[in-house]
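Text of the file model30.tsv, holding TSV, C-alpha atoms:
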chain	number	residue	atom	x	y	z
A	15	MET	CA	1.86	-8.63	-34.21
A	16	ASN	CA	-0.67	-9.95	-31.79
A	17	SER	CA	-0.62	-10.14	-28.03
A	18	HIS	CA	-3.17	-10.82	-25.36
A	19	THR	CA	-2.26	-7.73	-23.36
A	20	PHE	CA	-0.50	-4.50	-24.38
A	21	ARG	CA	-0.91	-1.91	-21.64
A	22	MET	CA	2.40	-0.41	-20.56
A	23	PRO	CA	4.55	1.97	-22.60
A	24	ALA	CA	8.13	0.77	-23.02
A	25	ALA	CA	9.55	3.89	-21.32
A	26	VAL	CA	7.83	2.96	-18.09
A	27	LEU	CA	8.65	-0.72	-18.24
A	28	LEU	CA	12.33	-0.12	-18.97
A	29	ALA	CA	12.78	2.45	-16.19
A	30	THR	CA	15.17	1.22	-13.52
A	31	GLY	CA	14.69	1.13	-9.76
A	32	ALA	CA	11.53	0.95	-7.69
A	33	VAL	CA	10.71	4.59	-8.48
A	34	ALA	CA	9.35	3.34	-11.80
A	35	LEU	CA	6.67	1.50	-9.87
A	36	LEU	CA	5.42	4.77	-8.48
A	37	THR	CA	5.06	6.40	-11.88
A	38	ALA	CA	3.47	3.62	-13.92
A	39	PRO	CA	0.18	5.20	-15.09
A	40	PRO	CA	-2.08	2.11	-15.34
A	41	ALA	CA	-0.87	0.71	-12.03
A	42	PHE	CA	-2.74	3.26	-9.93
A	43	ALA	CA	-6.50	3.56	-10.03
A	44	THR	CA	-8.56	5.58	-7.61
A	45	GLY	CA	-11.19	4.05	-5.44
A	46	GLY	CA	-13.23	7.22	-5.58
A	47	GLY	CA	-11.09	9.97	-7.07
A	48	ALA	CA	-9.54	13.01	-5.47
A	49	ALA	CA	-12.93	14.40	-4.54
A	50	GLY	CA	-13.57	11.47	-2.22
A	51	GLY	CA	-10.06	11.60	-0.76
A	52	GLU	CA	-9.64	7.84	-1.15
A	53	GLY	CA	-6.27	6.16	-1.52
A	54	LYS	CA	-4.91	4.36	-4.58
A	55	ALA	CA	-3.44	0.88	-4.92
A	56	GLY	CA	-2.37	-1.53	-7.63
A	57	ALA	CA	-0.58	-4.84	-8.07
A	58	VAL	CA	0.70	-7.07	-10.83
A	59	VAL	CA	2.15	-10.58	-10.76
A	60	LEU	CA	4.31	-10.22	-13.90
A	61	ARG	CA	5.16	-7.25	-16.10
A	62	ALA	CA	7.33	-7.70	-19.20
A	63	GLY	CA	8.78	-5.19	-21.62
A	64	LEU	CA	10.90	-7.03	-24.17
A	65	ASP	CA	12.20	-6.45	-27.69
A	66	VAL	CA	12.36	-9.63	-29.74
A	67	GLY	CA	14.72	-9.56	-32.76
A	68	LEU	CA	13.99	-11.96	-35.64
A	69	LEU	CA	16.59	-13.76	-37.76
A	70	ASN	CA	14.82	-13.29	-41.08
A	71	LYS	CA	13.82	-9.66	-40.52
A	72	ALA	CA	15.82	-6.57	-39.66
A	73	VAL	CA	13.17	-5.52	-37.11
A	74	ASN	CA	12.42	-5.93	-33.44
A	75	ILE	CA	8.98	-7.03	-32.28
A	76	PRO	CA	7.94	-5.56	-28.93
A	77	LEU	CA	6.50	-7.93	-26.35
A	78	LYS	CA	4.69	-5.88	-23.72
A	79	THR	CA	2.49	-7.92	-21.44
A	80	THR	CA	1.18	-8.21	-17.90
A	81	LEU	CA	-0.38	-10.92	-15.75
A	82	ASN	CA	-3.00	-10.24	-13.08
A	83	GLU	CA	-2.70	-6.46	-13.16
A	84	VAL	CA	-5.34	-5.01	-10.82
A	85	SER	CA	-6.36	-1.60	-9.52
A	86	ALA	CA	-8.25	-1.06	-6.28
A	87	PRO	CA	-10.60	-2.60	-5.51
A	88	ALA	CA	-9.91	-5.85	-7.36
A	89	THR	CA	-8.36	-9.31	-7.14
A	90	ALA	CA	-6.96	-11.71	-9.75
A	91	GLU	CA	-5.83	-15.33	-9.62
A	92	LYS	CA	-4.91	-16.33	-13.18
A	93	THR	CA	-1.90	-18.67	-13.14
A	94	ALA	CA	-0.89	-18.85	-16.83
A	95	LEU	CA	0.01	-16.29	-19.47
A	96	THR	CA	0.54	-16.85	-23.19
A	97	VAL	CA	1.20	-14.41	-26.02
A	98	THR	CA	1.43	-14.70	-29.79
A	99	LEU	CA	4.08	-12.92	-31.87
A	100	ASP	CA	4.05	-12.95	-35.67
A	101	GLY	CA	7.04	-14.80	-37.07
A	102	VAL	CA	7.97	-16.45	-33.77
A	103	GLU	CA	7.61	-20.19	-33.08
A	104	GLY	CA	5.40	-20.70	-36.12
A	105	ASN	CA	2.94	-18.05	-34.88
A	106	ASP	CA	1.89	-20.42	-32.11
A	107	PRO	CA	1.10	-19.11	-28.61
A	108	ILE	CA	4.18	-18.64	-26.45
A	109	SER	CA	3.91	-19.59	-22.79
A	110	VAL	CA	5.47	-16.70	-20.90
A	111	LEU	CA	4.58	-17.75	-17.36
A	112	ARG	CA	3.16	-20.79	-15.60
A	113	ALA	CA	2.65	-20.97	-11.83
A	114	GLU	CA	0.83	-22.92	-9.16
A	115	VAL	CA	-0.08	-19.67	-7.41
A	116	ALA	CA	-0.34	-16.25	-9.03
A	117	THR	CA	-2.52	-13.76	-7.18
A	118	SER	CA	-2.78	-10.01	-6.91
A	119	LYS	CA	-5.06	-7.90	-4.73
A	120	ALA	CA	-5.67	-4.20	-4.18
A	121	THR	CA	-8.00	-2.34	-1.81
A	122	ALA	CA	-8.49	1.36	-1.09
A	123	ASP	CA	-10.82	3.61	0.89
A	124	LYS	CA	-10.66	6.94	2.73
A	125	THR	CA	-8.43	5.60	5.52
A	126	ARG	CA	-6.17	2.99	3.93
A	127	ALA	CA	-4.80	1.74	0.59
A	128	GLU	CA	-3.12	-1.65	0.30
A	129	ALA	CA	-1.83	-3.92	-2.48
A	130	GLU	CA	-0.07	-7.26	-2.61
A	131	ALA	CA	1.16	-9.76	-5.20
A	132	ASN	CA	2.13	-13.41	-4.71
A	133	LEU	CA	3.76	-15.92	-7.02
A	134	ALA	CA	4.70	-19.52	-6.18
A	135	LYS	CA	6.20	-22.45	-8.08
A	136	ALA	CA	6.56	-20.31	-11.17
A	137	SER	CA	8.64	-20.43	-14.36
A	138	VAL	CA	9.14	-17.66	-16.92
A	139	HIS	CA	9.96	-18.26	-20.59
A	140	VAL	CA	10.91	-15.96	-23.47
A	141	PRO	CA	10.61	-16.48	-27.23
A	142	GLY	CA	13.35	-18.69	-28.68
A	143	LEU	CA	13.90	-20.62	-25.43
A	144	PRO	CA	10.82	-22.84	-25.12
A	145	LEU	CA	12.55	-25.60	-23.15
A	146	LEU	CA	14.92	-23.56	-20.98
A	147	SER	CA	13.30	-21.36	-18.34
A	148	LEU	CA	14.53	-17.83	-18.11
A	149	ILE	CA	13.90	-18.02	-14.37
A	150	GLU	CA	12.19	-20.37	-11.93
A	151	VAL	CA	11.15	-19.22	-8.45
A	152	GLU	CA	9.78	-21.07	-5.46
A	153	LYS	CA	7.95	-18.08	-3.96
A	154	VAL	CA	8.05	-14.29	-4.33
A	155	THR	CA	5.81	-11.76	-2.63
A	156	SER	CA	5.41	-8.00	-2.39
A	157	LYS	CA	3.17	-5.73	-0.32
A	158	ALA	CA	2.55	-2.00	-0.02
A	159	VAL	CA	0.44	-0.32	2.66
A	160	CYS	CA	-0.48	3.39	2.73
A	161	GLU	CA	-2.55	4.48	5.72
A	162	ALA	CA	-3.80	8.00	6.39
A	163	GLY	CA	-1.61	9.79	8.91
A	164	LYS	CA	1.09	7.09	8.91
A	165	LYS	CA	4.31	6.50	6.98
A	166	PRO	CA	3.76	4.19	3.99
A	167	VAL	CA	5.36	0.74	4.19
A	168	ALA	CA	6.68	-1.47	1.38
A	169	SER	CA	8.12	-5.00	1.59
A	170	ALA	CA	9.20	-7.67	-0.85
A	171	ASN	CA	10.66	-11.15	-0.48
A	172	ALA	CA	12.06	-13.95	-2.61
A	173	LEU	CA	11.84	-17.19	-0.67
A	174	GLY	CA	13.29	-20.59	-1.45
A	175	THR	CA	15.41	-21.48	-4.46
A	176	VAL	CA	15.83	-19.39	-7.61
A	177	THR	CA	17.09	-20.86	-10.89
A	178	ALA	CA	18.14	-18.64	-13.82
A	179	LEU	CA	18.96	-20.10	-17.25
A	180	GLY	CA	19.24	-23.54	-15.62
A	181	LYS	CA	21.61	-22.41	-12.85
A	182	LYS	CA	20.71	-22.18	-9.17
A	183	VAL	CA	21.62	-18.72	-7.91
A	184	THR	CA	21.98	-17.03	-4.57
A	185	LEU	CA	20.44	-13.58	-4.61
A	186	SER	CA	22.10	-10.69	-2.80
A	187	ALA	CA	20.49	-7.56	-1.40
A	188	GLY	CA	23.79	-5.72	-1.99
A	189	GLY	CA	23.36	-5.46	-5.75
A	190	PRO	CA	22.30	-7.27	-8.93
A	191	THR	CA	23.17	-10.95	-9.32
A	192	LYS	CA	24.57	-11.71	-12.79
A	193	VAL	CA	23.95	-15.04	-14.50
A	194	GLU	CA	25.61	-15.74	-17.86
A	195	VAL	CA	25.41	-18.84	-20.02
A	196	PRO	CA	27.70	-18.99	-23.10
A	197	GLY	CA	25.77	-19.23	-26.33
A	198	VAL	CA	22.50	-18.36	-24.58
A	199	GLY	CA	22.77	-15.00	-22.89
A	200	ARG	CA	22.84	-13.10	-19.63
A	201	ILE	CA	20.40	-12.08	-16.89
A	202	ASP	CA	20.88	-9.48	-14.16
A	203	LEU	CA	18.61	-10.13	-11.18
A	204	GLU	CA	17.79	-7.41	-8.67
A	205	LEU	CA	16.29	-8.61	-5.40
A	206	SER	CA	13.49	-7.00	-3.43
A	207	ALA	CA	13.47	-3.39	-4.58
A	208	THR	CA	11.35	-1.05	-2.43
A	209	GLU	CA	10.69	2.69	-2.41
A	210	THR	CA	8.67	4.88	-0.03
A	211	THR	CA	7.89	8.59	0.17
A	212	GLY	CA	5.69	10.59	2.52
A	213	THR	CA	2.54	9.39	0.72
A	214	THR	CA	3.51	6.47	-1.54
A	215	ALA	CA	5.05	3.01	-1.34
A	216	ALA	CA	6.18	0.53	-4.00
A	217	ALA	CA	7.80	-2.89	-3.97
A	218	ALA	CA	8.99	-5.44	-6.52
A	219	ALA	CA	10.15	-8.90	-5.46
A	220	LEU	CA	12.38	-9.53	-8.49
A	221	ARG	CA	13.52	-7.39	-11.42
A	222	LEU	CA	15.26	-9.09	-14.34
A	223	LYS	CA	17.29	-7.37	-17.03
A	224	VAL	CA	17.35	-9.80	-19.92
A	225	ALA	CA	19.83	-10.09	-22.82
A	226	VAL	CA	19.69	-13.48	-24.53
A	227	ASN	CA	20.54	-14.61	-28.05
A	228	PRO	CA	18.95	-18.02	-28.54
A	229	LEU	CA	19.37	-18.13	-32.36
A	230	ASN	CA	16.51	-20.61	-32.39
A	231	LEU	CA	12.95	-20.63	-33.71
A	232	ASN	CA	13.71	-17.56	-35.82
A	233	VAL	CA	14.68	-15.53	-32.72
A	234	ALA	CA	18.02	-13.73	-32.85
A	235	LYS	CA	17.87	-11.90	-29.53
A	236	VAL	CA	15.61	-10.89	-26.65
A	237	ASP	CA	16.36	-7.73	-24.68
A	238	GLY	CA	14.42	-5.89	-21.99
A	239	GLU	CA	13.06	-6.23	-18.49
A	240	ILE	CA	10.72	-8.46	-16.51
A	241	VAL	CA	9.33	-7.61	-13.07
A	242	LEU	CA	7.83	-10.26	-10.77
A	243	ALA	CA	5.37	-9.50	-7.93
A	244	GLU	CA	4.91	-5.75	-7.92
A	245	ALA	CA	2.71	-3.73	-5.53
A	246	HIS	CA	2.22	0.00	-4.96
A	247	CYS	CA	-0.10	2.41	-3.15
A	248	GLU	CA	-0.80	6.06	-2.42
A	249	SER	CA	-2.14	7.35	0.90
A	250	PRO	CA	-5.70	8.69	1.19
A	251	LYS	CA	-5.92	12.47	1.07
A	252	GLY	CA	-8.07	12.68	4.22
A	253	ALA	CA	-6.88	14.22	7.48
A	254	ALA	CA	-4.59	12.20	9.72
A	255	PRO	CA	-6.34	10.42	12.58
A	256	ALA	CA	-6.34	12.30	15.89
A	257	ALA	CA	-3.81	11.24	18.50
A	258	ASN	CA	-6.47	11.09	21.22
A	259	PRO	CA	-10.08	10.09	20.56
A	260	ALA	CA	-12.58	12.93	20.88
A	261	ALA	CA	-14.93	13.01	23.84
A	262	ASP	CA	-18.29	11.34	23.32
A	263	PRO	CA	-20.70	14.19	22.52
A	264	ASP	CA	-23.51	12.25	24.16
A	265	VAL	CA	-21.77	12.22	27.54
A	266	LYS	CA	-22.74	15.26	29.59
A	267	PRO	CA	-20.40	16.80	32.21
A	268	GLN	CA	-21.19	15.80	35.77
A	269	THR	CA	-21.71	18.39	38.55
A	270	GLY	CA	-20.45	17.88	42.06
A	271	THR	CA	-22.61	17.83	45.20
A	272	GLY	CA	-21.96	18.04	48.92
A	273	THR	CA	-18.49	19.26	49.90
A	274	GLY	CA	-16.81	19.56	46.49
A	275	THR	CA	-14.23	22.34	46.02
A	276	GLY	CA	-14.39	22.96	42.25
A	277	SER	CA	-13.76	26.43	40.83
A	278	GLY	CA	-17.26	26.63	39.46
A	279	SER	CA	-16.65	27.98	35.92
A	280	ALA	CA	-19.64	27.98	33.60
A	281	THR	CA	-20.03	25.16	31.06
A	282	SER	CA	-20.90	25.51	27.39
A	283	GLY	CA	-24.47	24.47	28.10
A	284	GLY	CA	-25.05	27.46	30.43
A	285	THR	CA	-25.09	25.43	33.66
A	286	THR	CA	-22.81	26.37	36.57
A	287	GLY	CA	-20.11	24.19	38.06
A	288	ALA	CA	-20.14	22.33	41.34
A	289	ASN	CA	-21.20	24.15	44.61
A	290	LEU	CA	-22.37	27.35	42.83
A	291	ALA	CA	-26.00	26.42	42.41
A	292	GLU	CA	-26.81	24.44	45.55
A	293	THR	CA	-30.36	25.10	46.75
A	294	GLY	CA	-30.70	22.36	49.38
A	295	GLY	CA	-29.34	22.26	52.95
A	296	GLY	CA	-25.58	22.11	52.82
A	297	SER	CA	-23.09	21.75	55.68
A	298	LEU	CA	-22.87	25.58	56.26
A	299	THR	CA	-26.59	26.13	56.58
A	300	PRO	CA	-26.79	25.91	60.45
A	301	TYR	CA	-23.98	28.47	60.86
A	302	VAL	CA	-25.52	30.92	58.44
A	303	ALA	CA	-28.91	30.61	60.15
A	304	GLY	CA	-27.40	31.05	63.64
A	305	GLY	CA	-25.50	34.15	62.59
A	306	ALA	CA	-28.63	35.68	61.15
A	307	LEU	CA	-30.57	35.08	64.39
A	308	THR	CA	-27.76	36.64	66.49
A	309	LEU	CA	-27.71	39.76	64.31
A	310	LEU	CA	-31.49	39.98	64.53
A	311	ALA	CA	-31.39	39.76	68.36
A	312	ILE	CA	-28.69	42.44	68.64
A	313	GLY	CA	-30.63	44.73	66.35
A	314	GLY	CA	-33.82	44.21	68.33
A	315	GLY	CA	-32.06	44.99	71.65
A	316	ALA	CA	-30.52	48.16	70.28
A	317	LEU	CA	-33.90	49.36	69.03
A	318	LEU	CA	-35.51	48.73	72.45
A	319	ILE	CA	-32.78	50.70	74.30
A	320	THR	CA	-33.13	53.59	71.89
A	321	ARG	CA	-36.92	53.82	72.43
A	322	ARG	CA	-36.58	53.76	76.26
A	323	GLY	CA	-34.04	56.58	76.13
A	324	ARG	CA	-36.46	58.75	74.16
A	325	ALA	CA	-39.37	57.97	76.53
A	326	SER	CA	-37.43	59.11	79.60

Whole structure, structure tokens version:
Amino acid sequence: MNSHTFRMPAAVLLATGAVALLTAPPAFATGGGAAGGEGKAGAVVLRAGLDVGLLNKAVNIPLKTTLNEVSAPATAEKTALTVTLDGVEGNDPISVLRAEVATSKATADKTRAEAEANLAKASVHVPGLPLLSLIEVEKVTSKAVCEAGKKPVASANALGTVTALGKKVTLSAGGPTKVEVPGVGRIDLELSATETTGTTAAAAALRLKVAVNPLNLNVAKVDGEIVLAEAHCESPKGAAPAANPAADPDVKPQTGTGTGTGSGSATSGGTTGANLAETGGGSLTPYVAGGALTLLAIGGGALLITRRGRAS
């Protein structure tokens, strides 16, 4: 068996719910590791974990593949994905996905981690059904943002028309949408799955559970799961930003002059507050000087009277 990409273990790919996005090992990569306290982010346009059963062999061939899987910091814009499976379609490459737009992006630093995936005008195929698309989508997107000190946010959307096994379907947020075609198979589509915790966020625009039996091109059945537009992040480990910005250390406290009425407590620099260290002429100076002169005159008069009394 040959394939262009084999990265995800089947246990992770076949896990249900958006929680699986949070635990996928290759999806998260650190921008600088725990020592730097940076966040983590990852995105992928398509992730497939399928078992392909062959007509002429009593075995299943695993098809595990991804398109545009990135870890922060990185971007990818490849719009086509092909794989090759021994014994399938004459060992020729199988086109799994073709799209006009297929991008994924992830960034992370010490304050913020963010990932997003976008897919537009895309069709997905599986072995044994080369002419009939498993699903066609007009546009699907997902985004996850994890910022230090804030609650992580995850969002996912499927916009425009969606066609599954040749049928136009209306997706519902209330539960999986089931599409079944006699003689071909069945797909369960789950719309816009998201999951957030105190430090992580994950989103997947579309999750498909596939069970088809094409009985064509030596393919007896195809079972498994495909995820479109997946994004996830983990918050930086740094401290949360302060609610109020700290005072500028270069700005020195001002001292009052004139008639200020401050309490005059000492500052950290050793200088006194307003009105406690005035050395110039303030508004009370004339009164203080007048009082001193009066006391001096009274004292002088008392001394003169005392001396005259002794002389007589």

Subject >> Counting all atoms listed in the file, the residue of A:Lys181, A:Ala122, A:Asp100, A:Ala187 that sits nearest A:Lys71 >> reply: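 Smallest separation from A:Lys71 among the options: A:Asp100.
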
Subject >> d(atom CA of A:Thr93, atom CA of A:Thr121) in Å >> reply: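 Atom CA of A:Thr121 lies 20.8 Å from atom CA of A:Thr93.
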
**OP:** Have a look at A:Leu179, A:Ala245, A:Ala94, A:Ala234 and name the one nearest to A:Val73; count all atoms listed in the file.
**Re:**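 So, comparing all the options, the nearest one is A:Ala234.
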
Using only C-alpha atoms, give me every residue within 9 Å of (-9.2, -6.0, -10.1) in file coordinates, as a short mmCIF file (atom, residue, chain, number, x, y, z; two decimals) with C-alpha atoms, in the frame of the given file.
data_model
loop_
_atom_site.label_atom_id
_atom_site.label_comp_id
_atom_site.auth_asym_id
_atom_site.auth_seq_id
_atom_site.Cartn_x
_atom_site.Cartn_y
_atom_site.Cartn_z
CA GLY A 56 -2.37 -1.53 -7.63
CA ALA A 57 -0.58 -4.84 -8.07
CA ASN A 82 -3.00 -10.24 -13.08
CA GLU A 83 -2.70 -6.46 -13.16
CA VAL A 84 -5.34 -5.01 -10.82
CA SER A 85 -6.36 -1.60 -9.52
CA ALA A 86 -8.25 -1.06 -6.28
CA PRO A 87 -10.60 -2.60 -5.51
CA ALA A 88 -9.91 -5.85 -7.36
CA THR A 89 -8.36 -9.31 -7.14
CA ALA A 90 -6.96 -11.71 -9.75
CA SER A 118 -2.78 -10.01 -6.91
CA LYS A 119 -5.06 -7.90 -4.73
CA ALA A 120 -5.67 -4.20 -4.18
#

**OP:** May I ask for the distance between atom CA of A:Thr177 and atom CA of A:Val110, given in Å to one decimal place?
**Re:** 15.9 Å

**OP:** Pick out the residues sitting within 10 Å of A:Ala136, and hand them over as a ChimeraX atom specification; count only C-alpha atoms, and ignore anything fewer than 4 positions along from it in its own chain.
**Re:** /A:93-94,111-116,147,149-154,176

Original post:
Within 10 Å of stretch 209-216 of chain A, counting all atoms listed in the file, which residues qualify if same-chain residues fewer than 5 places away don't, as a PyMOL selection string?
Top reply: chain A and resi 31-37+53-57+127-129+156-170+244-251

Subject >> Nearest candidate to A:Arg61 (options A:Val236, A:Val198, A:Ala172, A:Leu222; using only C-alpha atoms) >> reply: A:Leu222

Subject >> Length of the atom CA of A:Asn232 to atom CA of A:Leu81 vector [Å] >> reply: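 Atom-to-atom, atom CA of A:Asn232 and atom CA of A:Leu81 are spaced 25.4 Å apart.
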
Original post:
In terms of the shortest atom-to-atom distance over all atoms listed in the file, which of A:Val138, A:Leu185, A:Val241, A:Leu231 is closest to A:Thr155?
Top reply: A:Val241
